[in-house]
file structure-v8.txt (compact mmCIF, C-alpha atoms)
# COMPACT_ATOMS: atom_id res chain seq x y z
CA MET A 513 29.14 -15.20 -26.43
CA ASN A 514 28.98 -15.71 -22.72
CA THR A 515 25.71 -14.34 -21.46
CA VAL A 516 24.30 -14.02 -18.00
CA GLN A 517 21.98 -16.73 -16.74
CA GLY A 518 20.03 -17.24 -13.54
CA PHE A 519 19.51 -14.76 -10.75
CA CYS A 520 21.46 -11.55 -10.89
CA ASP A 521 22.79 -9.25 -8.21
CA PHE A 522 24.40 -6.31 -9.90
CA ASN A 523 25.37 -4.31 -6.86
CA ILE A 524 28.04 -5.64 -4.53
CA PRO A 525 30.15 -2.67 -3.38
CA SER A 526 33.87 -3.16 -3.80
CA GLN A 527 34.49 -1.29 -0.56
CA CYS A 528 32.71 -3.51 1.94
CA SER A 529 32.69 -3.05 5.69
CA PRO A 530 36.08 -3.43 7.46
CA THR A 531 35.09 -6.63 9.27
CA THR A 532 34.71 -8.66 6.08
CA THR A 533 36.39 -8.96 2.74
CA LEU A 534 34.89 -8.60 -0.69
CA LYS A 535 35.66 -12.23 -1.37
CA ASP A 536 33.46 -13.37 1.52
CA VAL A 537 30.52 -11.37 0.21
CA VAL A 538 30.94 -12.72 -3.31
CA LEU A 539 31.24 -16.31 -2.13
CA ARG A 540 28.16 -15.90 0.03
CA ALA A 541 26.23 -14.59 -2.95
CA VAL A 542 27.33 -17.57 -5.02
CA LYS A 543 26.26 -19.94 -2.24
CA LEU A 544 22.81 -18.36 -2.16
CA GLY A 545 22.38 -19.25 -5.81
CA TYR A 546 23.05 -16.10 -7.77
CA GLY A 547 24.11 -16.77 -11.33
CA ALA A 548 25.66 -13.39 -12.02
CA ILE A 549 27.28 -10.85 -9.74
CA ALA A 550 28.55 -7.37 -10.43
CA ILE A 551 31.17 -5.74 -8.26
CA ASN A 552 30.37 -2.10 -7.92
CA THR A 553 32.85 0.75 -7.73
CA THR A 554 31.25 4.03 -6.76
CA ILE A 555 32.96 7.28 -7.64
CA ASP A 556 32.03 10.79 -6.64
CA GLU A 557 31.34 13.52 -9.09
CA ASP A 558 34.48 15.50 -8.29
CA VAL A 559 36.50 12.78 -10.03
CA LEU A 560 34.92 13.90 -13.28
CA ILE A 561 35.50 17.61 -12.86
CA ILE A 562 38.61 18.64 -14.72
CA THR A 563 40.68 21.25 -12.92
CA LYS A 564 41.22 24.11 -15.32
CA LYS A 565 44.53 25.46 -14.07
CA LYS A 566 47.38 24.39 -16.31
CA GLY A 567 51.15 24.68 -16.19
CA ASN A 568 51.37 24.09 -12.51
CA LYS A 569 52.89 20.71 -11.83
CA LYS A 570 51.07 20.19 -8.56
CA ASN A 571 47.73 20.49 -10.25
CA GLU A 572 48.62 17.91 -12.84
CA ALA A 573 49.53 15.49 -10.11
CA ILE A 574 46.13 15.95 -8.53
CA GLU A 575 44.42 15.37 -11.84
CA GLU A 576 46.13 12.07 -12.31
CA LYS A 577 45.10 10.98 -8.88
CA LYS A 578 41.50 11.79 -9.54
CA ASP A 579 41.14 9.59 -12.59
CA ILE A 580 38.48 6.90 -12.64
CA PRO A 581 39.95 3.87 -10.85
CA PRO A 582 40.37 0.61 -12.78
CA PRO A 583 38.10 -2.28 -11.77
CA PRO A 584 39.26 -4.14 -8.66
CA LYS A 585 40.93 -7.48 -9.21
CA LEU A 586 39.66 -10.53 -7.42
CA ASN A 587 42.15 -13.23 -6.58
CA PHE A 588 40.34 -16.50 -6.15
CA THR A 589 42.19 -19.60 -5.08
CA GLU A 590 41.45 -22.89 -6.82
CA LYS A 591 39.31 -23.96 -3.89
CA ASP A 592 37.08 -20.93 -4.29
CA LEU A 593 36.78 -21.48 -8.00
CA ASP A 594 35.70 -25.07 -7.37
CA LEU A 595 33.07 -23.83 -4.97
CA ILE A 596 31.77 -21.42 -7.56
CA LYS A 597 31.38 -24.21 -10.06
CA ILE A 598 29.63 -26.62 -7.72
CA HIS A 599 26.87 -24.35 -6.57
CA GLY A 600 26.08 -22.47 -9.71
CA LYS A 601 27.06 -23.37 -13.22
CA ASN A 602 29.66 -20.89 -14.39
CA VAL A 603 28.88 -17.86 -12.23
CA LYS A 604 29.62 -14.65 -14.06
CA ILE A 605 31.41 -11.88 -12.23
CA LEU A 606 31.06 -8.48 -13.87
CA HIS A 607 32.48 -5.10 -12.97
CA ARG A 608 30.29 -2.11 -12.57
CA LEU A 609 30.99 1.60 -12.27
CA THR A 610 28.54 3.91 -10.51
CA VAL A 611 28.82 7.66 -10.81
CA MET A 612 27.15 10.03 -8.39
CA LEU A 613 25.92 12.74 -10.72
CA SER A 614 24.50 16.11 -9.78
CA ASP A 615 25.42 18.28 -12.75
CA PRO A 616 24.76 16.95 -16.26
CA ALA A 617 27.69 18.93 -17.67
CA ASN A 618 30.30 16.72 -16.04
CA THR A 619 29.76 13.58 -18.06
CA GLN A 620 32.34 14.26 -20.77
CA LYS A 621 35.25 12.79 -18.87
CA LEU A 622 33.30 9.65 -18.04
CA ILE A 623 33.03 8.80 -21.72
CA GLN A 624 36.62 9.72 -22.55
CA SER A 625 38.38 7.83 -19.79
CA VAL A 626 40.15 4.62 -20.77
CA ASN A 627 39.31 2.94 -17.49
CA THR A 628 35.59 3.32 -18.11
CA LYS A 629 35.85 0.90 -21.00
CA SER A 630 37.23 -1.82 -18.76
CA TYR A 631 34.00 -1.90 -16.76
CA ASP A 632 31.18 -4.13 -17.95
CA LEU A 633 28.27 -2.14 -16.60
CA ILE A 634 27.96 1.59 -16.17
CA ALA A 635 25.43 3.04 -13.75
CA VAL A 636 24.49 6.55 -12.76
CA CYS A 637 23.04 7.73 -9.47
CA PRO A 638 21.47 11.11 -10.25
CA THR A 639 21.18 13.33 -7.20
CA THR A 640 19.20 16.09 -8.90
CA SER A 641 16.28 16.11 -11.27
CA ALA A 642 18.34 17.73 -14.03
CA ALA A 643 20.90 14.96 -13.80
CA PHE A 644 18.14 12.36 -13.89
CA LEU A 645 16.64 13.78 -17.05
CA HIS A 646 20.03 13.95 -18.74
CA ALA A 647 20.83 10.38 -17.75
CA ALA A 648 17.48 9.12 -18.99
CA ALA A 649 17.58 10.98 -22.30
CA ASN A 650 21.17 11.21 -23.47
CA MET A 651 23.68 9.18 -21.54
CA ASP A 652 24.93 5.80 -22.74
CA ILE A 653 24.43 3.83 -19.54
CA ASP A 654 22.77 0.62 -18.38
CA ILE A 655 21.37 1.38 -14.94
CA ILE A 656 19.91 4.37 -13.13
CA THR A 657 20.20 3.70 -9.44
CA TYR A 658 18.87 5.37 -6.34
CA HIS A 659 20.77 6.29 -3.20
CA PRO A 660 18.40 7.13 -0.32
CA THR A 661 20.72 9.35 1.73
CA GLU A 662 22.40 11.31 -1.06
CA VAL A 663 19.32 11.97 -3.18
CA LYS A 664 16.81 14.43 -1.77
CA GLU A 665 14.03 14.73 -4.25
CA LEU A 666 13.62 13.53 -7.81
CA ARG A 667 10.90 14.76 -10.07
CA PHE A 668 10.26 13.21 -13.43
CA ASN A 669 7.26 12.32 -15.51
CA ARG A 670 6.03 9.48 -17.64
CA LYS A 671 7.70 10.80 -20.77
CA HIS A 672 11.17 10.77 -19.24
CA TYR A 673 10.64 7.31 -17.78
CA ARG A 674 9.55 6.00 -21.18
CA GLN A 675 12.54 7.59 -22.85
CA ALA A 676 14.80 5.65 -20.51
CA THR A 677 12.99 2.34 -20.91
CA GLU A 678 12.95 2.61 -24.67
CA ARG A 679 16.70 3.07 -24.65
CA GLY A 680 17.06 -0.06 -22.54
CA ILE A 681 18.05 1.63 -19.30
CA PHE A 682 16.99 -0.15 -16.12
CA PHE A 683 16.05 1.34 -12.78
CA GLU A 684 17.65 -0.20 -9.74
CA ILE A 685 16.25 -0.66 -6.25
CA PRO A 686 18.94 -1.57 -3.70
CA TYR A 687 17.37 -3.62 -0.92
CA SER A 688 20.11 -3.80 1.69
CA PHE A 689 19.50 -0.14 2.60
CA MET A 690 16.05 -1.23 3.65
CA LEU A 691 17.52 -3.57 6.25
CA ARG A 692 19.47 -0.85 8.02
CA ASP A 693 17.23 2.05 8.95
CA SER A 694 13.54 2.85 9.24
CA THR A 695 13.53 6.24 7.49
CA ILE A 696 15.66 4.91 4.64
CA ARG A 697 13.29 1.97 4.31
CA LYS A 698 10.40 4.36 3.90
CA LYS A 699 12.31 6.35 1.28
CA ILE A 700 13.06 3.29 -0.81
CA ILE A 701 9.49 2.03 -0.67
CA GLN A 702 8.33 5.50 -1.66
CA MET A 703 10.74 5.64 -4.59
CA SER A 704 9.75 2.26 -5.93
CA HIS A 705 6.09 3.22 -5.64
CA LEU A 706 6.94 6.30 -7.66
CA TYR A 707 8.39 4.04 -10.35
CA HIS A 708 5.18 2.03 -10.13
CA SER A 709 2.84 4.99 -10.48
CA ILE A 710 4.81 6.77 -13.19
CA GLY A 711 6.18 3.96 -15.28
CA LYS A 712 4.12 0.92 -14.26
CA SER A 713 7.33 -0.62 -12.85
CA ARG A 714 8.77 -1.27 -16.28
CA ASN A 715 12.48 -2.04 -16.44
CA ILE A 716 13.16 -2.53 -12.76
CA ILE A 717 15.95 -4.58 -11.27
CA ILE A 718 16.34 -5.38 -7.60
CA SER A 719 19.88 -5.68 -6.31
CA SER A 720 21.51 -5.85 -2.93
CA GLY A 721 24.22 -3.27 -2.29
CA ALA A 722 25.26 -5.45 0.63
CA LEU A 723 28.29 -4.42 2.65
CA THR A 724 28.48 -7.63 4.67
CA PRO A 725 27.64 -11.23 3.76
CA LEU A 726 24.77 -11.17 6.24
CA GLU A 727 22.96 -8.47 4.32
CA LEU A 728 22.55 -10.72 1.31
CA ARG A 729 19.31 -12.60 0.91
CA ASN A 730 18.15 -15.63 -0.98
CA PRO A 731 16.88 -14.64 -4.45
CA TYR A 732 13.45 -16.10 -3.71
CA ASP A 733 13.20 -13.99 -0.54
CA VAL A 734 14.16 -10.93 -2.53
CA ALA A 735 11.43 -11.72 -5.02
CA ASN A 736 8.96 -11.71 -2.16
CA LEU A 737 10.11 -8.20 -1.26
CA GLY A 738 8.44 -7.16 -4.49
CA LEU A 739 5.14 -6.94 -2.66
CA LEU A 740 6.49 -4.01 -0.64
CA LEU A 741 7.93 -2.38 -3.71
CA GLY A 742 4.71 -2.38 -5.70
CA LEU A 743 5.62 -5.20 -8.05
CA THR A 744 3.52 -8.21 -8.89
CA GLU A 745 4.88 -11.70 -8.35
CA GLY A 746 5.92 -12.15 -11.95
CA GLU A 747 7.39 -8.69 -12.20
CA SER A 748 9.54 -9.16 -9.13
CA ARG A 749 10.83 -12.49 -10.34
CA SER A 750 11.74 -11.03 -13.71
CA ALA A 751 13.34 -8.07 -11.92
CA LEU A 752 15.91 -10.53 -10.63
CA ASN A 753 16.05 -12.90 -13.54
CA LEU A 754 15.22 -11.69 -17.03
CA SER A 755 15.92 -8.01 -16.49
CA GLY A 756 19.41 -8.81 -15.26
CA ARG A 757 20.05 -10.65 -18.47
CA SER A 758 18.88 -7.75 -20.60
CA VAL A 759 21.03 -5.34 -18.58
CA ALA A 760 24.07 -7.49 -19.33
CA LEU A 761 23.15 -7.70 -23.00
CA HIS A 762 22.62 -3.95 -23.18
CA ALA A 763 26.07 -3.50 -21.68
CA ILE A 764 27.60 -5.66 -24.40
CA THR A 765 25.95 -3.63 -27.13
CA ARG A 766 27.88 -0.60 -25.93
CA LYS A 767 31.03 -2.28 -27.18
CA THR A 768 29.68 -3.97 -30.32
CA GLY A 769 26.87 -1.74 -31.48
CA LYS A 770 23.33 -2.99 -31.90
CA CYS A 771 23.28 -6.56 -33.15
CA VAL A 772 21.14 -9.66 -33.32
CA SER A 773 23.79 -12.34 -33.75
CA PHE A 774 27.37 -12.65 -32.74
CA ILE A 775 30.21 -14.36 -34.61
CA VAL A 776 33.22 -15.91 -32.87
CA GLU A 777 35.93 -18.13 -34.30
CA THR A 778 35.58 -21.64 -32.96
CA ASP A 779 39.23 -21.72 -31.89
CA LYS A 780 38.77 -18.67 -29.66
CA LEU A 781 35.79 -19.94 -27.70
CA VAL A 782 35.81 -19.91 -23.90
CA PRO A 783 36.41 -23.39 -22.41
CA GLU A 784 32.83 -23.41 -21.14
CA GLU A 785 31.54 -23.03 -24.66
CA GLN A 786 33.80 -25.52 -26.37
CA TRP A 787 30.92 -27.95 -26.65
CA LYS A 788 29.36 -25.70 -29.25
CA ALA A 789 32.29 -26.20 -31.59
CA LYS A 790 32.12 -29.93 -31.09
CA GLU A 791 28.41 -30.01 -31.83
CA MET A 792 28.98 -27.99 -34.97
CA ARG A 793 31.58 -30.45 -36.20
CA ASP A 794 29.29 -33.40 -35.51
CA ALA A 795 26.43 -31.74 -37.30
CA GLU A 796 28.59 -31.02 -40.31
CA GLU A 797 29.64 -34.65 -40.48
CA ARG A 798 26.07 -35.78 -40.27
CA LEU A 799 25.03 -33.43 -43.05
CA LEU A 800 27.88 -34.53 -45.28
CA GLY A 801 27.18 -38.22 -44.69
CA GLU A 802 23.44 -38.27 -45.20
CA PRO A 803 22.63 -36.92 -48.65
CA GLU A 804 23.75 -40.06 -50.55
CA PRO A 805 21.14 -42.52 -49.23
CA LYS A 806 18.49 -39.86 -49.90
CA LYS A 807 19.46 -39.63 -53.54
CA MET A 808 19.26 -43.40 -53.84
CA LYS A 809 15.72 -43.32 -52.58
CA MET A 810 14.74 -40.61 -55.03
CA GLU A 811 16.06 -42.60 -57.95
CA THR A 812 14.24 -45.73 -56.95
CA ALA A 813 11.06 -43.77 -56.61
CA LYS A 814 11.38 -42.34 -60.14
CA ILE A 815 11.81 -45.74 -61.66
CA MET B 1239 -3.37 8.48 -22.82
CA VAL B 1240 -3.03 7.06 -19.34
CA ARG B 1241 -4.40 9.08 -16.51
CA TYR B 1242 -2.65 9.61 -13.22
CA LYS B 1243 -5.46 8.84 -10.81
CA ASN B 1244 -5.95 10.65 -7.55
CA ARG B 1245 -8.47 10.61 -4.77
CA TYR B 1246 -9.55 13.69 -2.85
CA PHE B 1247 -10.79 13.29 0.69
CA THR B 1248 -13.01 16.03 1.96
CA ALA B 1249 -12.88 16.00 5.72
CA GLU B 1250 -14.32 18.09 8.50
CA ILE B 1251 -11.89 18.89 11.30
CA ILE B 1252 -13.73 19.17 14.62
CA PRO B 1253 -11.82 20.53 17.61
CA LEU B 1254 -12.49 18.53 20.78
CA ASP B 1255 -10.90 20.70 23.48
CA SER B 1256 -12.85 23.21 25.52
CA THR B 1257 -11.01 26.34 24.38
CA THR B 1258 -12.79 28.50 21.89
CA GLN B 1259 -9.67 29.51 20.05
CA PRO B 1260 -9.96 29.21 16.30
CA LEU B 1261 -8.18 26.23 14.78
CA ASN B 1262 -4.90 27.42 13.40
CA LEU B 1263 -4.73 25.04 10.47
CA LYS B 1264 -1.56 24.78 8.48
CA THR B 1265 -1.24 22.39 5.57
CA TYR B 1266 2.15 21.16 6.71
CA ASP B 1267 0.82 20.23 10.18
CA ILE B 1268 -2.04 18.26 8.68
CA VAL B 1269 0.28 16.34 6.37
CA THR B 1270 2.68 15.40 9.17
CA SER B 1271 -0.11 14.26 11.47
CA ILE B 1272 -1.65 12.16 8.67
CA LEU B 1273 1.72 10.53 8.00
CA ASN B 1274 2.19 9.78 11.70
CA VAL B 1275 -1.21 8.20 12.05
CA THR B 1276 -0.79 6.07 8.95
CA GLU B 1277 2.53 4.85 10.28
CA GLN B 1278 0.81 3.82 13.51
CA ILE B 1279 -1.92 1.91 11.74
CA HIS B 1280 -0.24 0.50 8.64
CA GLY B 1281 3.40 0.67 9.59
CA GLU B 1282 6.29 2.01 7.59
CA PHE B 1283 4.90 0.53 4.41
CA GLY B 1284 1.66 2.45 4.74
CA ALA B 1285 3.41 5.72 5.44
CA ALA B 1286 5.77 5.26 2.52
CA ALA B 1287 2.97 4.20 0.19
CA ILE B 1288 0.80 7.27 0.71
CA LYS B 1289 3.67 9.75 0.79
CA ASN B 1290 3.79 10.05 -3.00
CA GLY B 1291 1.37 12.73 -4.02
CA LEU B 1292 0.04 13.41 -0.54
CA GLU B 1293 -1.00 17.03 -0.34
CA VAL B 1294 -3.53 19.20 1.42
CA LYS B 1295 -5.09 21.06 -1.46
CA TYR B 1296 -7.55 23.19 0.43
CA CYS B 1297 -8.01 24.02 4.05
CA ASN B 1298 -10.37 26.54 5.48
CA GLN B 1299 -10.10 27.66 9.08
CA SER B 1300 -13.54 29.22 9.39
CA THR B 1301 -15.47 26.27 7.96
CA GLN B 1302 -12.99 23.74 9.40
CA ILE B 1303 -12.81 21.76 6.20
CA ALA B 1304 -9.78 20.31 4.44
CA VAL B 1305 -9.35 18.57 1.11
CA ILE B 1306 -6.55 15.99 1.11
CA ARG B 1307 -5.15 14.58 -2.10
CA CYS B 1308 -3.78 11.05 -2.30
CA ARG B 1309 -2.81 8.65 -5.06
CA HIS B 1310 -5.43 6.18 -6.18
CA GLY B 1311 -4.50 2.77 -4.79
CA PRO B 1312 -2.95 3.53 -1.43
CA HIS B 1313 -5.81 5.94 -0.77
CA ARG B 1314 -7.52 3.04 1.00
CA LEU B 1315 -4.70 2.93 3.52
CA LEU B 1316 -5.14 6.64 4.15
CA ALA B 1317 -8.92 6.37 4.44
CA SER B 1318 -8.73 3.56 6.95
CA SER B 1319 -6.35 5.47 9.19
CA LEU B 1320 -8.14 8.86 9.07
CA PRO B 1321 -10.60 7.97 11.88
CA PHE B 1322 -7.66 7.45 14.24
CA LEU B 1323 -6.30 10.94 13.73
CA SER B 1324 -6.62 12.71 17.07
CA THR B 1325 -4.12 15.56 17.18
CA ILE B 1326 -3.07 18.25 14.74
CA SER B 1327 -0.21 20.42 16.02
CA LYS B 1328 -1.00 19.69 19.68
CA ARG B 1329 -4.72 20.46 19.35
CA LYS B 1330 -7.11 17.59 20.03
CA VAL B 1331 -9.29 17.10 16.99
CA GLN B 1332 -11.52 14.61 15.31
CA LEU B 1333 -11.60 14.05 11.57
CA GLN B 1334 -14.90 13.32 9.92
CA SER B 1335 -14.48 12.44 6.31
CA ILE B 1336 -17.59 13.52 4.49
CA TYR B 1337 -16.82 12.87 0.85
CA THR B 1338 -14.31 11.10 -1.38
CA GLY B 1339 -14.02 12.38 -4.88
CA ALA B 1340 -11.88 11.83 -7.93
CA THR B 1341 -11.55 15.52 -8.81
CA MET B 1342 -11.33 18.76 -6.89
CA VAL B 1343 -14.37 20.11 -8.77
CA LYS B 1344 -16.56 17.28 -7.53
CA CYS B 1345 -15.39 17.93 -3.99
CA PHE B 1346 -16.26 21.61 -4.18
CA LYS B 1347 -19.64 20.86 -5.75
CA PHE B 1348 -20.35 18.62 -2.81
CA LEU B 1349 -19.12 21.23 -0.35
CA LYS B 1350 -21.47 23.83 -1.79
CA LYS B 1351 -24.42 21.52 -1.26
CA PHE B 1352 -23.14 20.66 2.19
CA HIS B 1353 -22.95 24.29 3.25
CA GLN B 1354 -26.35 25.10 1.80
CA GLU B 1355 -27.84 22.39 3.97
CA LYS B 1356 -26.01 23.79 6.96
CA ILE B 1357 -27.46 27.25 6.35
CA ASN B 1358 -30.94 25.79 6.11
CA GLU B 1359 -30.39 24.11 9.45
CA ALA B 1360 -29.19 27.37 10.95
CA LEU B 1361 -32.22 29.18 9.59
CA LYS B 1362 -34.53 26.59 11.11
CA THR B 1363 -33.18 27.24 14.59
CA CYS B 1364 -33.80 30.96 14.27
CA LYS B 1365 -36.90 32.02 16.19
CA THR B 1366 -37.46 35.59 15.02
CA GLU B 1367 -37.28 37.26 11.63
CA GLN B 1368 -34.56 39.52 12.99
CA GLU B 1369 -32.22 36.61 13.59
CA LYS B 1370 -32.87 35.19 10.13
CA ASN B 1371 -32.01 38.50 8.54
CA ASN B 1372 -28.83 38.63 10.59
CA VAL B 1373 -27.73 35.25 9.33
CA MET B 1374 -28.45 36.18 5.73
CA GLU B 1375 -26.56 39.43 6.13
CA ILE B 1376 -23.48 37.72 7.48
CA MET B 1377 -23.57 35.19 4.65
CA SER B 1378 -23.97 37.82 1.98
CA LYS B 1379 -20.74 39.44 3.14
CA THR B 1380 -18.73 36.32 2.30
CA ASN B 1381 -17.56 35.52 -1.19
CA TYR B 1382 -19.53 32.31 -1.45
CA GLU B 1383 -22.87 32.26 -3.19
CA ILE B 1384 -25.73 30.86 -1.22
call {"tool": "encode", "arguments": {"input": "structure-v8.txt", "output": "structure tokens"}}
result
Amino acid sequence: MNTVQGFCDFNIPSQCSPTTTLKDVVLRAVKLGYGAIAINTTIDEDVLIITKKKGNKKNEAIEEKKDIPPPPKLNFTEKDLDLIKIHGKNVKILHRLTVMLSDPANTQKLIQSVNTKSYDLIAVCPTTSAAFLHAAANMDIDIITYHPTEVKELRFNRKHYRQATERGIFFEIPYSFMLRDSTIRKKIIQMSHLYHSIGKSRNIIISSGALTPLELRNPYDVANLGLLLGLTEGESRSALNLSGRSVALHAITRKTGKCVSFIVETDKLVPEEQWKAKEMRDAEERLLGEPEPKKMKMETAKI
Amino acid sequence: MVRYKNRYFTAEIIPLDSTTQPLNLKTYDIVTSILNVTEQIHGEFGAAAIKNGLEVKYCNQSTQIAVIRCRHGPHRLLASSLPFLSTISKRKVQLQSIYTGATMVKCFKFLKKFHQEKINEALKTCKTEQEKNNVMEIMSKTNYEI
């Protein structure tokens, strides 16, 4: 199984600013040393609301339009791929879906849609307290994120936070909003302090949400931001490193169910993991070859 | 069971301008002026840090006393910026913090003592028995026990 390693940045919006392309942002992130990147597609809640009128052909057409979009495809040239391999060993690029949620009743279509299954990570940005509680308690998601301009006030207590952490849901703090505006900066610091006071900053990941390549920061600089966000040094490092890995693992369990080990046929391994098959073969040979001299020794000892 | 710790600042609000108008204290005005001052002293971080759980729990116009709640931890940022507070809703004031407690009850216990001492001082300045009786009469009309 191909797991995530190294620093993670699970929020690179697929719709970046018009002056740059998504590819530039991704390549910049790879250059900075991120080991895993998730490309984020944000959808509004009205995509999930099913129009109830039936029989009218116009309405049906609208419904089809409003379906959850499939993950964007990235076309890397061979040069880009080489660059990815030089700077970080096998950088993983995941796809992530973020839903702006205000009413907990609208989640049915999210689960049913076929396109949802093609995303690796699923995140929710609750804009009301009711939506937050529903997301923390019932929804099968990986990340609960925070949007400073859309969300007005969230109220939750320690019990709800613990419910979410026990189910393996992570709370995201996007840092690139902090670079843009003073009031938004205050809001994000306030929110992360709320996470600190209510849940002791358990299960936190820090990600960028960068629209341009210049908004991305070196992972070590981001870890230093933890001081502002009420995290200790170790916590902020693990918010980039270990937590990202567990988010990715949690996302895989949505497809497989809860598991400890994972079985793959050796012929179907990814080229990066072919060495495992080779090692296995070598080990088998060694095991088959060795027992005979051991037996000889045993016999001589008995005599 | 983990406790959500708070700190309650009991502060005396002293008007500095010459007008004798009563202080028209509103909790919202106090909160905004505290946030502004903290932003001046500790920057955006300070303002954002104390904003969680910041509330004026009690504010009395006649005694000019307010009780401000703040989360334990960033309460030090708030305490260090309180002396710099100079205006509340365009009135020039000075804030004298007189007590920091962990519960509201402790704050009110302190306030009771504080007021009792103030009455004693007032009684000392009285020269005739008539004046003393007047003071006692006025106090007996209020709801507070002496």
call {"tool": "interface_residues", "arguments": {"input": "structure-v8.txt", "of": "chain B", "to": "chain A", "cutoff": "8 Å", "atoms": "all atoms listed in the file", "output": "list in words"}}
result
Tyr1242, Glu1282, Phe1283, Ala1285, Ala1286, Ala1287, Lys1289 and Asn1290 of chain B
call {"tool": "atom_distance", "arguments": {"input": "structure-v8.txt", "atom1": "CA of Tyr658 in chain A", "atom2": "CA of Glu684 in chain A"}}
result
6.6 Å
call {"tool": "atom_distance", "arguments": {"input": "structure-v8.txt", "atom1": "CA of Lys664 in chain A", "atom2": "CA of Leu1316 in chain B"}}
result
24.0 Å
call {"tool": "closest_residue", "arguments": {"input": "structure-v8.txt", "among": "B:Cys1364, B:Val1294, B:Gly1281, B:Val1305", "to": "Tyr1337 in chain B", "atoms": "only C-alpha atoms"}}
result
B:Val1305
call {"tool": "atom_distance", "arguments": {"input": "structure-v8.txt", "atom1": "CA of Ala550 in chain A", "atom2": "CA of Leu761 in chain A"}}
result
13.7 Å
call {"tool": "residues_around", "arguments": {"input": "structure-v8.txt", "residues": "range 765-771 of chain A", "least_positions_apart": "4", "cutoff": "9 Å", "atoms": "only C-alpha atoms", "output": "ChimeraX atom specification"}}
result
/A:629,652-653,760-761
call {"tool": "residues_near_point", "arguments": {"input": "structure-v8.txt", "point": "(-32.9, 31.9, 9.1)", "cutoff": "12 Å", "atoms": "all atoms listed in the file", "output": "list in words"}}
result
Gln1354, Glu1355, Lys1356, Ile1357, Asn1358, Glu1359, Ala1360, Leu1361, Lys1362, Thr1363, Cys1364, Lys1365, Thr1366, Glu1367, Gln1368, Glu1369, Lys1370, Asn1371, Asn1372, Val1373, Met1374, Glu1375, Ile1376 and Met1377 of chain B
